[in-house]
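> Data file structure.cif (mmCIF, C-alpha atoms) is appended below.
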```cif
data_work
#
loop_
_atom_site.group_PDB
_atom_site.id
_atom_site.type_symbol
_atom_site.label_atom_id
_atom_site.label_comp_id
_atom_site.auth_asym_id
_atom_site.auth_seq_id
_atom_site.Cartn_x
_atom_site.Cartn_y
_atom_site.Cartn_z
ATOM 1 C CA MET A 43 0.000 0.000 0.000
ATOM 2 C CA THR A 44 1.269 3.495 -0.815
ATOM 3 C CA HIS A 45 1.627 6.231 1.797
ATOM 4 C CA THR A 46 -1.188 8.108 0.028
ATOM 5 C CA PHE A 47 -3.602 5.366 1.092
ATOM 6 C CA PHE A 48 -2.703 5.830 4.787
ATOM 7 C CA ILE A 49 -2.981 9.630 4.566
ATOM 8 C CA VAL A 50 -6.323 9.674 2.713
ATOM 9 C CA PHE A 51 -7.784 6.881 4.862
ATOM 10 C CA SER A 52 -6.853 8.834 8.032
ATOM 11 C CA TYR A 53 -8.610 11.978 6.812
ATOM 12 C CA VAL A 54 -11.680 10.082 5.571
ATOM 13 C CA LEU A 55 -12.092 8.194 8.865
ATOM 14 C CA THR A 56 -11.661 11.402 10.876
ATOM 15 C CA ALA A 57 -14.282 13.133 8.718
ATOM 16 C CA LEU A 58 -16.662 10.192 9.207
ATOM 17 C CA VAL A 59 -16.273 10.155 13.007
ATOM 18 C CA ILE A 60 -16.797 13.934 13.235
ATOM 19 C CA ALA A 61 -19.769 13.778 10.834
ATOM 20 C CA GLY A 62 -21.229 11.031 13.044
ATOM 21 C CA LEU A 63 -20.861 13.235 16.128
ATOM 22 C CA ILE A 64 -22.549 16.175 14.401
ATOM 23 C CA LEU A 65 -25.369 13.994 13.009
ATOM 24 C CA ARG A 66 -25.975 12.412 16.407
ATOM 25 C CA ALA A 67 -26.070 15.871 18.044
ATOM 26 C CA VAL A 68 -28.581 17.213 15.491
ATOM 27 C CA ILE A 69 -30.874 14.142 15.616
ATOM 28 C CA ASP A 70 -30.833 14.007 19.435
ATOM 29 C CA HIS A 71 -31.525 17.746 19.767
ATOM 30 C CA ARG A 72 -34.444 17.598 17.317
ATOM 31 C CA ALA A 73 -35.919 14.594 19.165
ATOM 32 C CA GLN A 74 -35.855 16.444 22.495
ATOM 33 C CA VAL A 75 -37.325 19.643 21.000
ATOM 34 C CA ARG A 76 -40.117 17.536 19.452
ATOM 35 C CA ALA A 77 -40.803 15.687 22.714
ATOM 36 C CA LEU A 78 -40.969 18.957 24.669
ATOM 37 C CA ALA A 79 -43.286 20.512 22.062
ATOM 38 C CA GLU A 80 -45.584 17.454 22.204
ATOM 39 C CA LEU A 81 -45.781 17.643 26.013
ATOM 40 C CA GLU A 82 -46.537 21.355 25.892
ATOM 41 C CA ALA A 83 -49.168 20.807 23.186
ATOM 42 C CA ARG A 84 -50.868 18.330 25.556
ATOM 43 C CA GLY A 85 -50.935 21.074 28.202
ATOM 44 C CA ILE A 86 -48.160 19.527 30.274
ATOM 45 C CA GLY A 87 -45.948 22.527 30.819
ATOM 46 C CA ARG A 88 -44.205 24.226 33.685
ATOM 47 C CA ARG A 89 -47.527 25.690 34.875
ATOM 48 C CA SER A 90 -49.009 22.228 35.411
ATOM 49 C CA ARG A 91 -46.449 21.774 38.193
ATOM 50 C CA ARG A 92 -48.265 24.333 40.308
ATOM 51 C CA GLY A 93 -51.749 23.207 39.307
ATOM 52 C CA MET B 61 -20.384 35.324 35.405
ATOM 53 C CA ILE B 62 -19.968 31.581 36.167
ATOM 54 C CA ARG B 63 -22.891 31.763 38.629
ATOM 55 C CA GLU B 64 -25.065 33.378 35.946
ATOM 56 C CA LEU B 65 -24.053 30.768 33.359
ATOM 57 C CA ALA B 66 -24.741 27.985 35.844
ATOM 58 C CA ASN B 67 -28.455 28.801 35.632
ATOM 59 C CA PRO B 68 -29.820 26.398 32.959
ATOM 60 C CA THR B 69 -32.316 28.929 31.530
ATOM 61 C CA ARG B 70 -29.625 31.603 31.309
ATOM 62 C CA PHE B 71 -27.238 29.052 29.787
ATOM 63 C CA MET B 72 -29.794 28.106 27.096
ATOM 64 C CA SER B 73 -30.185 31.739 26.117
ATOM 65 C CA LEU B 74 -26.445 32.561 26.058
ATOM 66 C CA SER B 75 -25.378 29.323 24.373
ATOM 67 C CA GLY B 76 -28.129 29.731 21.749
ATOM 68 C CA THR B 77 -26.516 33.021 20.715
ATOM 69 C CA LEU B 78 -22.940 31.736 20.979
ATOM 70 C CA LEU B 79 -23.305 28.338 19.280
ATOM 71 C CA PRO B 80 -23.696 29.468 15.615
ATOM 72 C CA TRP B 81 -20.639 31.744 15.950
ATOM 73 C CA VAL B 82 -18.443 29.031 17.493
ATOM 74 C CA ALA B 83 -19.598 26.476 14.899
ATOM 75 C CA GLY B 84 -19.096 28.967 12.044
ATOM 76 C CA LEU B 85 -15.585 29.838 13.259
ATOM 77 C CA ALA B 86 -14.779 26.109 13.546
ATOM 78 C CA VAL B 87 -15.831 25.542 9.905
ATOM 79 C CA LEU B 88 -13.833 28.578 8.736
ATOM 80 C CA LEU B 89 -10.682 27.525 10.626
ATOM 81 C CA SER B 90 -11.050 23.929 9.419
ATOM 82 C CA GLY B 91 -11.092 25.227 5.830
ATOM 83 C CA ILE B 92 -8.015 27.410 6.414
ATOM 84 C CA GLY B 93 -6.254 24.587 8.284
ATOM 85 C CA LEU B 94 -6.925 22.018 5.555
ATOM 86 C CA TYR B 95 -5.719 24.467 2.895
ATOM 87 C CA LEU B 96 -2.466 25.035 4.843
ATOM 88 C CA VAL B 97 -1.990 21.276 5.378
ATOM 89 C CA TRP B 98 -2.610 20.210 1.760
ATOM 90 C CA PHE B 99 -1.211 23.162 -0.212
ATOM 91 C CA VAL B 100 1.277 25.058 1.962
ATOM 92 C CA ALA B 101 2.914 22.818 4.600
ATOM 93 C CA PRO B 102 6.077 21.093 3.327
ATOM 94 C CA ALA B 103 6.693 17.340 3.323
ATOM 95 C CA ASP B 104 8.902 16.064 6.134
ATOM 96 C CA TYR B 105 12.513 15.287 5.185
ATOM 97 C CA GLN B 106 12.204 11.761 6.633
ATOM 98 C CA GLN B 107 8.480 10.948 6.586
ATOM 99 C CA GLY B 108 7.558 12.622 3.313
ATOM 100 C CA GLU B 109 3.851 13.417 2.860
ATOM 101 C CA THR B 110 2.866 10.936 5.598
ATOM 102 C CA VAL B 111 3.481 13.770 8.071
ATOM 103 C CA LYS B 112 0.063 15.117 6.983
ATOM 104 C CA ILE B 113 -1.498 12.587 9.378
ATOM 105 C CA MET B 114 0.085 14.580 12.244
ATOM 106 C CA TYR B 115 -2.284 17.511 11.585
ATOM 107 C CA ILE B 116 -5.308 15.432 12.636
ATOM 108 C CA HIS B 117 -3.645 12.930 14.985
ATOM 109 C CA VAL B 118 -2.071 15.487 17.338
ATOM 110 C CA PRO B 119 -5.146 17.788 17.727
ATOM 111 C CA ALA B 120 -7.307 14.683 18.347
ATOM 112 C CA ALA B 121 -4.897 13.561 21.095
ATOM 113 C CA TRP B 122 -4.951 17.017 22.707
ATOM 114 C CA LEU B 123 -8.763 17.124 22.619
ATOM 115 C CA SER B 124 -9.012 13.662 24.112
ATOM 116 C CA LEU B 125 -7.150 14.957 27.178
ATOM 117 C CA PHE B 126 -8.928 18.351 27.051
ATOM 118 C CA PHE B 127 -12.392 16.758 27.225
ATOM 119 C CA TYR B 128 -11.282 14.433 29.992
ATOM 120 C CA MET B 129 -10.190 17.488 31.997
ATOM 121 C CA ILE B 130 -13.580 19.112 31.314
ATOM 122 C CA MET B 131 -15.268 15.945 32.601
ATOM 123 C CA ALA B 132 -13.011 15.810 35.680
ATOM 124 C CA SER B 133 -13.661 19.465 36.610
ATOM 125 C CA SER B 134 -17.408 18.975 36.005
ATOM 126 C CA ALA B 135 -17.255 15.829 38.168
ATOM 127 C CA LEU B 136 -15.860 17.974 40.999
ATOM 128 C CA GLY B 137 -18.751 20.415 40.415
ATOM 129 C CA SER B 138 -21.196 17.495 40.635
ATOM 130 C CA LEU B 139 -19.730 15.967 43.800
ATOM 131 C CA VAL B 140 -18.813 19.132 45.732
ATOM 132 C CA TRP B 141 -21.537 21.613 44.716
ATOM 133 C CA ARG B 142 -24.083 19.106 43.400
ATOM 134 C CA HIS B 143 -24.819 21.455 40.544
ATOM 135 C CA PRO B 144 -27.093 19.961 37.838
ATOM 136 C CA LEU B 145 -25.310 21.896 35.067
ATOM 137 C CA ALA B 146 -22.027 20.235 36.066
ATOM 138 C CA ASP B 147 -23.744 16.817 35.657
ATOM 139 C CA VAL B 148 -25.028 17.863 32.256
ATOM 140 C CA SER B 149 -21.602 19.178 31.187
ATOM 141 C CA GLN B 150 -19.775 15.954 32.043
ATOM 142 C CA LYS B 151 -22.423 13.832 30.344
ATOM 143 C CA ALA B 152 -22.224 15.931 27.156
ATOM 144 C CA ALA B 153 -18.400 15.829 27.122
ATOM 145 C CA ALA B 154 -18.059 12.025 27.283
ATOM 146 C CA PRO B 155 -19.025 11.029 23.696
ATOM 147 C CA ILE B 156 -16.993 13.907 22.238
ATOM 148 C CA GLY B 157 -13.882 12.930 24.205
ATOM 149 C CA ALA B 158 -14.384 9.271 23.278
ATOM 150 C CA ALA B 159 -14.687 10.172 19.569
ATOM 151 C CA PHE B 160 -11.464 12.221 19.594
ATOM 152 C CA THR B 161 -9.657 9.420 21.449
ATOM 153 C CA LEU B 162 -10.840 6.978 18.771
ATOM 154 C CA ILE B 163 -9.628 9.345 16.008
ATOM 155 C CA CYS B 164 -6.264 9.630 17.787
ATOM 156 C CA LEU B 165 -5.864 5.848 18.026
ATOM 157 C CA ILE B 166 -6.961 5.121 14.448
ATOM 158 C CA THR B 167 -4.862 7.869 12.831
ATOM 159 C CA GLY B 168 -1.902 6.948 15.056
ATOM 160 C CA SER B 169 -2.181 3.365 13.899
ATOM 161 C CA LEU B 170 -2.422 4.433 10.235
ATOM 162 C CA TRP B 171 0.613 6.678 10.733
ATOM 163 C CA GLY B 172 2.514 3.934 12.561
ATOM 164 C CA LYS B 173 2.276 1.331 9.803
ATOM 165 C CA PRO B 174 4.249 3.205 7.100
ATOM 166 C CA MET B 175 6.637 4.855 9.624
ATOM 167 C CA TRP B 176 7.287 2.137 12.238
ATOM 168 C CA GLY B 177 6.285 -0.881 10.185
ATOM 169 C CA THR B 178 3.472 -1.808 12.565
ATOM 170 C CA TYR B 179 -0.102 -0.700 13.255
ATOM 171 C CA TRP B 180 0.240 -1.304 16.995
ATOM 172 C CA GLN B 181 2.878 -1.594 19.668
ATOM 173 C CA TRP B 182 2.204 -2.125 23.375
ATOM 174 C CA ASP B 183 4.307 0.858 24.385
ATOM 175 C CA ALA B 184 3.381 3.201 27.239
ATOM 176 C CA ARG B 185 1.862 6.035 25.152
ATOM 177 C CA LEU B 186 -0.255 3.805 22.905
ATOM 178 C CA THR B 187 -1.392 1.585 25.766
ATOM 179 C CA SER B 188 -2.306 4.502 28.073
ATOM 180 C CA MET B 189 -4.287 6.064 25.203
ATOM 181 C CA LEU B 190 -6.148 2.769 24.717
ATOM 182 C CA VAL B 191 -6.863 2.745 28.469
ATOM 183 C CA MET B 192 -8.213 6.292 28.038
ATOM 184 C CA LEU B 193 -10.664 5.057 25.373
ATOM 185 C CA LEU B 194 -11.752 2.195 27.648
ATOM 186 C CA ILE B 195 -12.358 4.657 30.514
ATOM 187 C CA TYR B 196 -14.437 6.852 28.199
ATOM 188 C CA LEU B 197 -16.469 3.804 27.106
ATOM 189 C CA GLY B 198 -16.946 2.761 30.751
ATOM 190 C CA ILE B 199 -18.214 6.248 31.601
ATOM 191 C CA LEU B 200 -20.636 6.201 28.645
ATOM 192 C CA ALA B 201 -21.899 2.762 29.721
ATOM 193 C CA LEU B 202 -22.394 3.939 33.327
ATOM 194 C CA TRP B 203 -24.450 6.935 32.173
ATOM 195 C CA ARG B 204 -26.729 4.500 30.345
ATOM 196 C CA ALA B 205 -26.882 1.972 33.181
ATOM 197 C CA ILE B 206 -28.347 4.289 35.846
ATOM 198 C CA GLU B 207 -31.654 5.862 34.922
ATOM 199 C CA GLU B 208 -31.963 8.514 37.657
ATOM 200 C CA PRO B 209 -29.730 11.424 36.452
ATOM 201 C CA ASN B 210 -28.485 12.612 39.886
ATOM 202 C CA ARG B 211 -27.482 9.110 41.005
ATOM 203 C CA ALA B 212 -25.844 8.455 37.629
ATOM 204 C CA ALA B 213 -23.908 11.725 37.886
ATOM 205 C CA ARG B 214 -22.495 10.834 41.326
ATOM 206 C CA ALA B 215 -21.396 7.357 40.219
ATOM 207 C CA VAL B 216 -19.900 8.681 36.969
ATOM 208 C CA SER B 217 -18.132 11.519 38.841
ATOM 209 C CA ILE B 218 -16.297 9.030 41.051
ATOM 210 C CA LEU B 219 -15.272 6.898 38.049
ATOM 211 C CA THR B 220 -14.178 10.035 36.144
ATOM 212 C CA LEU B 221 -12.035 11.303 39.026
ATOM 213 C CA VAL B 222 -10.427 7.886 39.540
ATOM 214 C CA GLY B 223 -9.772 7.668 35.792
ATOM 215 C CA ALA B 224 -8.151 11.136 35.833
ATOM 216 C CA VAL B 225 -4.983 9.453 37.120
ATOM 217 C CA ASN B 226 -4.493 8.268 33.522
ATOM 218 C CA VAL B 227 -4.222 11.844 32.163
ATOM 219 C CA PRO B 228 -0.664 12.563 33.450
ATOM 220 C CA ILE B 229 0.282 8.988 32.541
ATOM 221 C CA VAL B 230 -0.728 9.634 28.910
ATOM 222 C CA LYS B 231 1.040 13.014 28.855
ATOM 223 C CA PHE B 232 4.323 11.949 30.507
ATOM 224 C CA SER B 233 4.465 8.300 29.346
ATOM 225 C CA VAL B 234 6.955 9.287 26.612
ATOM 226 C CA ASP B 235 9.268 10.814 29.266
ATOM 227 C CA TRP B 236 8.878 8.178 31.977
ATOM 228 C CA TRP B 237 9.384 5.108 29.772
ATOM 229 C CA ASN B 238 11.276 4.187 26.619
ATOM 230 C CA THR B 239 8.584 4.290 23.956
ATOM 231 C CA LEU B 240 8.380 3.789 20.223
ATOM 232 C CA HIS B 241 6.208 6.920 20.217
ATOM 233 C CA GLN B 242 8.226 10.127 19.927
ATOM 234 C CA PRO B 243 8.493 12.552 22.909
ATOM 235 C CA ALA B 244 6.512 15.828 23.061
ATOM 236 C CA SER B 245 7.535 18.278 20.349
ATOM 237 C CA VAL B 246 5.129 21.202 20.881
ATOM 238 C CA PHE B 247 4.306 21.601 24.597
ATOM 239 C CA ARG B 248 7.756 21.125 26.121
ATOM 240 C CA LEU B 249 10.024 23.149 28.422
ATOM 241 C CA GLY B 250 12.554 24.106 25.749
ATOM 242 C CA GLY B 251 9.832 25.291 23.319
ATOM 243 C CA PRO B 252 8.487 23.566 20.176
ATOM 244 C CA THR B 253 10.933 21.558 18.058
ATOM 245 C CA ILE B 254 8.741 21.751 14.944
ATOM 246 C CA HIS B 255 9.542 24.292 12.220
ATOM 247 C CA SER B 256 7.016 27.128 11.953
ATOM 248 C CA SER B 257 6.023 25.971 8.423
ATOM 249 C CA MET B 258 4.515 22.880 10.091
ATOM 250 C CA LEU B 259 3.715 24.361 13.511
ATOM 251 C CA VAL B 260 1.353 27.052 12.167
ATOM 252 C CA PRO B 261 -0.907 24.594 10.225
ATOM 253 C CA LEU B 262 -0.841 22.279 13.246
ATOM 254 C CA LEU B 263 -1.974 25.047 15.613
ATOM 255 C CA VAL B 264 -4.681 26.207 13.169
ATOM 256 C CA MET B 265 -6.003 22.634 12.933
ATOM 257 C CA ALA B 266 -5.827 22.289 16.726
ATOM 258 C CA LEU B 267 -7.838 25.504 17.168
ATOM 259 C CA ALA B 268 -10.379 24.309 14.549
ATOM 260 C CA PHE B 269 -10.758 20.953 16.343
ATOM 261 C CA THR B 270 -11.085 22.740 19.706
ATOM 262 C CA LEU B 271 -13.834 25.063 18.442
ATOM 263 C CA MET B 272 -15.579 22.076 16.812
ATOM 264 C CA GLY B 273 -15.408 20.254 20.156
ATOM 265 C CA VAL B 274 -16.660 23.300 22.085
ATOM 266 C CA ALA B 275 -19.586 23.720 19.643
ATOM 267 C CA LEU B 276 -20.489 20.033 20.030
ATOM 268 C CA HIS B 277 -20.183 20.326 23.806
ATOM 269 C CA LEU B 278 -22.449 23.411 23.947
ATOM 270 C CA SER B 279 -24.963 21.627 21.718
ATOM 271 C CA GLY B 280 -24.746 18.479 23.860
ATOM 272 C CA ILE B 281 -25.383 20.474 27.067
ATOM 273 C CA ARG B 282 -28.397 22.187 25.481
ATOM 274 C CA THR B 283 -29.847 18.830 24.361
ATOM 275 C CA GLU B 284 -29.280 17.290 27.791
ATOM 276 C CA ILE B 285 -31.043 20.227 29.505
ATOM 277 C CA LEU B 286 -34.038 19.659 27.181
ATOM 278 C CA ARG B 287 -33.930 15.895 27.881
ATOM 279 C CA ARG B 288 -34.127 16.597 31.626
ATOM 280 C CA ARG B 289 -37.037 19.002 31.126
ATOM 281 C CA VAL B 290 -38.858 16.309 29.130
ATOM 282 C CA ARG B 291 -38.122 13.759 31.868
ATOM 283 C CA THR B 292 -39.348 16.107 34.639
ATOM 284 C CA LEU B 293 -42.561 16.911 32.761
ATOM 285 C CA ASN B 294 -43.210 13.214 32.077
ATOM 286 C CA LEU B 295 -42.716 12.418 35.774
ATOM 287 C CA LEU B 296 -45.032 15.267 36.812
ATOM 288 C CA GLU B 297 -47.679 14.025 34.390
ATOM 289 C CA ALA B 298 -47.341 10.480 35.737
ATOM 290 C CA GLU B 299 -47.710 11.776 39.332
ATOM 291 C CA ARG B 300 -50.778 13.805 38.330
ATOM 292 C CA LEU B 301 -52.381 10.748 36.669
ATOM 293 C CA ASP B 302 -51.573 8.594 39.729
ATOM 294 C CA ALA B 303 -53.158 11.168 42.056
ATOM 295 C CA ARG B 304 -56.276 11.356 39.862
ATOM 296 C CA ALA B 305 -56.586 7.550 39.790
ATOM 297 C CA ALA B 306 -56.243 7.391 43.591
#
```
Give the structure from the file, written as structure tokens.


Amino acid sequence: MTHTFFIVFSYVLTALVIAGLILRAVIDHRAQVRALAELEARGIGRRSRRG
Amino acid sequence: MIRELANPTRFMSLSGTLLPWVAGLAVLLSGIGLYLVWFVAPADYQQGETVKIMYIHVPAAWLSLFFYMIMASSALGSLVWRHPLADVSQKAAAPIGAAFTLICLITGSLWGKPMWGTYWQWDARLTSMLVMLLIYLGILALWRAIEEPNRAARAVSILTLVGAVNVPIVKFSVDWWNTLHQPASVFRLGGPTIHSSMLVPLLVMALAFTLMGVALHLSGIRTEILRRRVRTLNLLEAERLDARAA
């Protein structure tokens, strides 16, 4: 294998791991925002704590 | 300032403003860094173009230790002050630190094969870095194993602080033992031993990786705060339904 293979493979794998982190962060954040919006739409908000 | 930031609502507002700027700066610096690495930085006189792996391997190694230190200081905040934002910060830091440790190990291995003739050697630096990854994975598993966030945070804090003993071992392993891995060449008492034509791209890439990590950490904290709000509201709803049924 040439040195180019090791260099390119390193950069591609790094890009994939970082892309995975970003994707996971975006998906997780959207899921929580959606869950909170659903709860609030059902009238379960901060005010219901006092009620 | 820290007290103000430690309020989750205040943090959500401030981080919401800050996050796009940090992420944007990370993208910009990554672009500049990659340009410097691929079109400006010279090949090494011994390693040739393979030295390009250094520009991702070294920042990943630094960030692995950086995020462990964030987790360790947050663990102190959890155990001493019992602050919920400290719990959230250490939980958000764990997957990011684990990912950078993985990048460090993989790129180190891919750099080792053409330079040393082997993907892996059980020397002190490589082994302590592998131990670091295992500690990160243990911490991630513990977060998942305990459902109640406050109890999980206390257990994880203890594991994190015990595991912090590995941080100086990773850093000084190349000085304390004879290793195949080279000694420090940037953060050392006598100053960097790398020529500025390689040091500048390395520092730009390190700053880009750091800002990327900080943006991911801010985003992770925000998501975790939302997750806890969702959990609290679900528990309140369950209590309300229980009370109505009784």

> Do you have the atom CA of B:Lys112-atom CA of B:Leu170 distance handy?

11.4 Å

> Go through the shown structure with the PyMOL selection byres ((chain A) within 8 of (chain B)) and write out the matching residues as a short mmCIF file (atom, residue, chain, number, x, y, z; two decimals) with C-alpha atoms, in the frame of the given file.


```cif
data_model
loop_
_atom_site.label_atom_id
_atom_site.label_comp_id
_atom_site.auth_asym_id
_atom_site.auth_seq_id
_atom_site.Cartn_x
_atom_site.Cartn_y
_atom_site.Cartn_z
CA HIS A 45 1.63 6.23 1.80
CA THR A 46 -1.19 8.11 0.03
CA PHE A 48 -2.70 5.83 4.79
CA ILE A 49 -2.98 9.63 4.57
CA PHE A 51 -7.78 6.88 4.86
CA SER A 52 -6.85 8.83 8.03
CA TYR A 53 -8.61 11.98 6.81
CA LEU A 55 -12.09 8.19 8.86
CA THR A 56 -11.66 11.40 10.88
CA VAL A 59 -16.27 10.15 13.01
CA ILE A 60 -16.80 13.93 13.24
CA LEU A 63 -20.86 13.24 16.13
CA ILE A 64 -22.55 16.18 14.40
CA ALA A 67 -26.07 15.87 18.04
CA ASP A 70 -30.83 14.01 19.43
CA HIS A 71 -31.52 17.75 19.77
CA GLN A 74 -35.85 16.44 22.50
CA VAL A 75 -37.33 19.64 21.00
CA ALA A 77 -40.80 15.69 22.71
CA LEU A 78 -40.97 18.96 24.67
CA LEU A 81 -45.78 17.64 26.01
CA ILE A 86 -48.16 19.53 30.27
CA GLY A 87 -45.95 22.53 30.82
CA ARG A 88 -44.20 24.23 33.68
CA ARG A 91 -46.45 21.77 38.19
#
```

> Find the distance between atom CA of B:Val118 and atom CA of B:Gln242 and write it in Å to one decimal.

11.9 Å

> Give me, as a PyMOL selection string, all polymer residues having an atom no more than 12 Å from B:Leu186, counting all atoms listed in the file and skipping those fewer than 3 positions away in the same chain.

chain B and resi 121+161-162+164-169+172+179-183+189-193+229-231+233-234+237+239-242

> Please write as an mmCIF file with C-alpha atoms, in the frame of the given file the full residue list that the PyMOL selection byres ((chain B and resi 214) around 9) yields on this file.


```
data_model
loop_
_atom_site.group_PDB
_atom_site.id
_atom_site.type_symbol
_atom_site.label_atom_id
_atom_site.label_comp_id
_atom_site.auth_asym_id
_atom_site.auth_seq_id
_atom_site.Cartn_x
_atom_site.Cartn_y
_atom_site.Cartn_z
ATOM 1 C CA ALA B 135 -17.255 15.829 38.168
ATOM 2 C CA SER B 138 -21.196 17.495 40.635
ATOM 3 C CA LEU B 139 -19.730 15.967 43.800
ATOM 4 C CA ARG B 142 -24.083 19.106 43.400
ATOM 5 C CA ASP B 147 -23.744 16.817 35.657
ATOM 6 C CA PRO B 209 -29.730 11.424 36.452
ATOM 7 C CA ASN B 210 -28.485 12.612 39.886
ATOM 8 C CA ARG B 211 -27.482 9.110 41.005
ATOM 9 C CA ALA B 212 -25.844 8.455 37.629
ATOM 10 C CA ALA B 213 -23.908 11.725 37.886
ATOM 11 C CA ALA B 215 -21.396 7.357 40.219
ATOM 12 C CA VAL B 216 -19.900 8.681 36.969
ATOM 13 C CA SER B 217 -18.132 11.519 38.841
ATOM 14 C CA ILE B 218 -16.297 9.030 41.051
ATOM 15 C CA LEU B 219 -15.272 6.898 38.049
#
```

> Please fill the gaps in stretch 61-67 of chain A so it has all heavy atoms, and write that as a PDB file, in the coordinates of the input.


```
ATOM      1  N   ALA A  61     -18.424  13.673  11.435  1.00  0.00           N
ATOM      2  CA  ALA A  61     -19.769  13.778  10.834  1.00  0.00           C
ATOM      3  C   ALA A  61     -20.775  12.995  11.672  1.00  0.00           C
ATOM      4  O   ALA A  61     -21.907  13.448  11.890  1.00  0.00           O
ATOM      5  CB  ALA A  61     -19.743  13.251   9.412  1.00  0.00           C
ATOM      6  N   GLY A  62     -20.360  11.835  12.181  1.00  0.00           N
ATOM      7  CA  GLY A  62     -21.229  11.031  13.044  1.00  0.00           C
ATOM      8  C   GLY A  62     -21.596  11.779  14.315  1.00  0.00           C
ATOM      9  O   GLY A  62     -22.760  11.760  14.753  1.00  0.00           O
ATOM     10  N   LEU A  63     -20.606  12.451  14.907  1.00  0.00           N
ATOM     11  CA  LEU A  63     -20.861  13.235  16.128  1.00  0.00           C
ATOM     12  C   LEU A  63     -21.868  14.348  15.867  1.00  0.00           C
ATOM     13  O   LEU A  63     -22.797  14.565  16.647  1.00  0.00           O
ATOM     14  CB  LEU A  63     -19.549  13.883  16.603  1.00  0.00           C
ATOM     15  CG  LEU A  63     -18.662  13.156  17.609  1.00  0.00           C
ATOM     16  CD1 LEU A  63     -17.447  14.011  17.933  1.00  0.00           C
ATOM     17  CD2 LEU A  63     -19.406  12.822  18.892  1.00  0.00           C
ATOM     18  N   ILE A  64     -21.657  15.049  14.731  1.00  0.00           N
ATOM     19  CA  ILE A  64     -22.549  16.175  14.401  1.00  0.00           C
ATOM     20  C   ILE A  64     -23.966  15.664  14.131  1.00  0.00           C
ATOM     21  O   ILE A  64     -24.948  16.201  14.644  1.00  0.00           O
ATOM     22  CB  ILE A  64     -21.998  16.960  13.181  1.00  0.00           C
ATOM     23  CG1 ILE A  64     -20.664  17.625  13.554  1.00  0.00           C
ATOM     24  CG2 ILE A  64     -22.994  18.002  12.697  1.00  0.00           C
ATOM     25  CD1 ILE A  64     -19.893  18.225  12.386  1.00  0.00           C
ATOM     26  N   LEU A  65     -24.061  14.571  13.359  1.00  0.00           N
ATOM     27  CA  LEU A  65     -25.369  13.994  13.009  1.00  0.00           C
ATOM     28  C   LEU A  65     -26.121  13.548  14.269  1.00  0.00           C
ATOM     29  O   LEU A  65     -27.311  13.830  14.436  1.00  0.00           O
ATOM     30  CB  LEU A  65     -25.151  12.804  12.071  1.00  0.00           C
ATOM     31  CG  LEU A  65     -26.348  12.395  11.232  1.00  0.00           C
ATOM     32  CD1 LEU A  65     -26.706  13.497  10.249  1.00  0.00           C
ATOM     33  CD2 LEU A  65     -26.052  11.107  10.471  1.00  0.00           C
ATOM     34  N   ARG A  66     -25.383  12.884  15.152  1.00  0.00           N
ATOM     35  CA  ARG A  66     -25.975  12.412  16.407  1.00  0.00           C
ATOM     36  C   ARG A  66     -26.492  13.602  17.226  1.00  0.00           C
ATOM     37  O   ARG A  66     -27.596  13.561  17.780  1.00  0.00           O
ATOM     38  CB  ARG A  66     -24.913  11.639  17.191  1.00  0.00           C
ATOM     39  CG  ARG A  66     -25.338  11.166  18.555  1.00  0.00           C
ATOM     40  CD  ARG A  66     -24.156  10.572  19.299  1.00  0.00           C
ATOM     41  NE  ARG A  66     -24.457  10.398  20.700  1.00  0.00           N
ATOM     42  CZ  ARG A  66     -24.331  11.351  21.614  1.00  0.00           C
ATOM     43  NH1 ARG A  66     -23.940  12.558  21.270  1.00  0.00           N
ATOM     44  NH2 ARG A  66     -24.635  11.111  22.876  1.00  0.00           N
ATOM     45  N   ALA A  67     -25.690  14.689  17.274  1.00  0.00           N
ATOM     46  CA  ALA A  67     -26.070  15.871  18.044  1.00  0.00           C
ATOM     47  C   ALA A  67     -27.349  16.491  17.468  1.00  0.00           C
ATOM     48  O   ALA A  67     -28.273  16.834  18.212  1.00  0.00           O
ATOM     49  CB  ALA A  67     -24.934  16.891  18.026  1.00  0.00           C
TER      50      ALA A  67
END
```
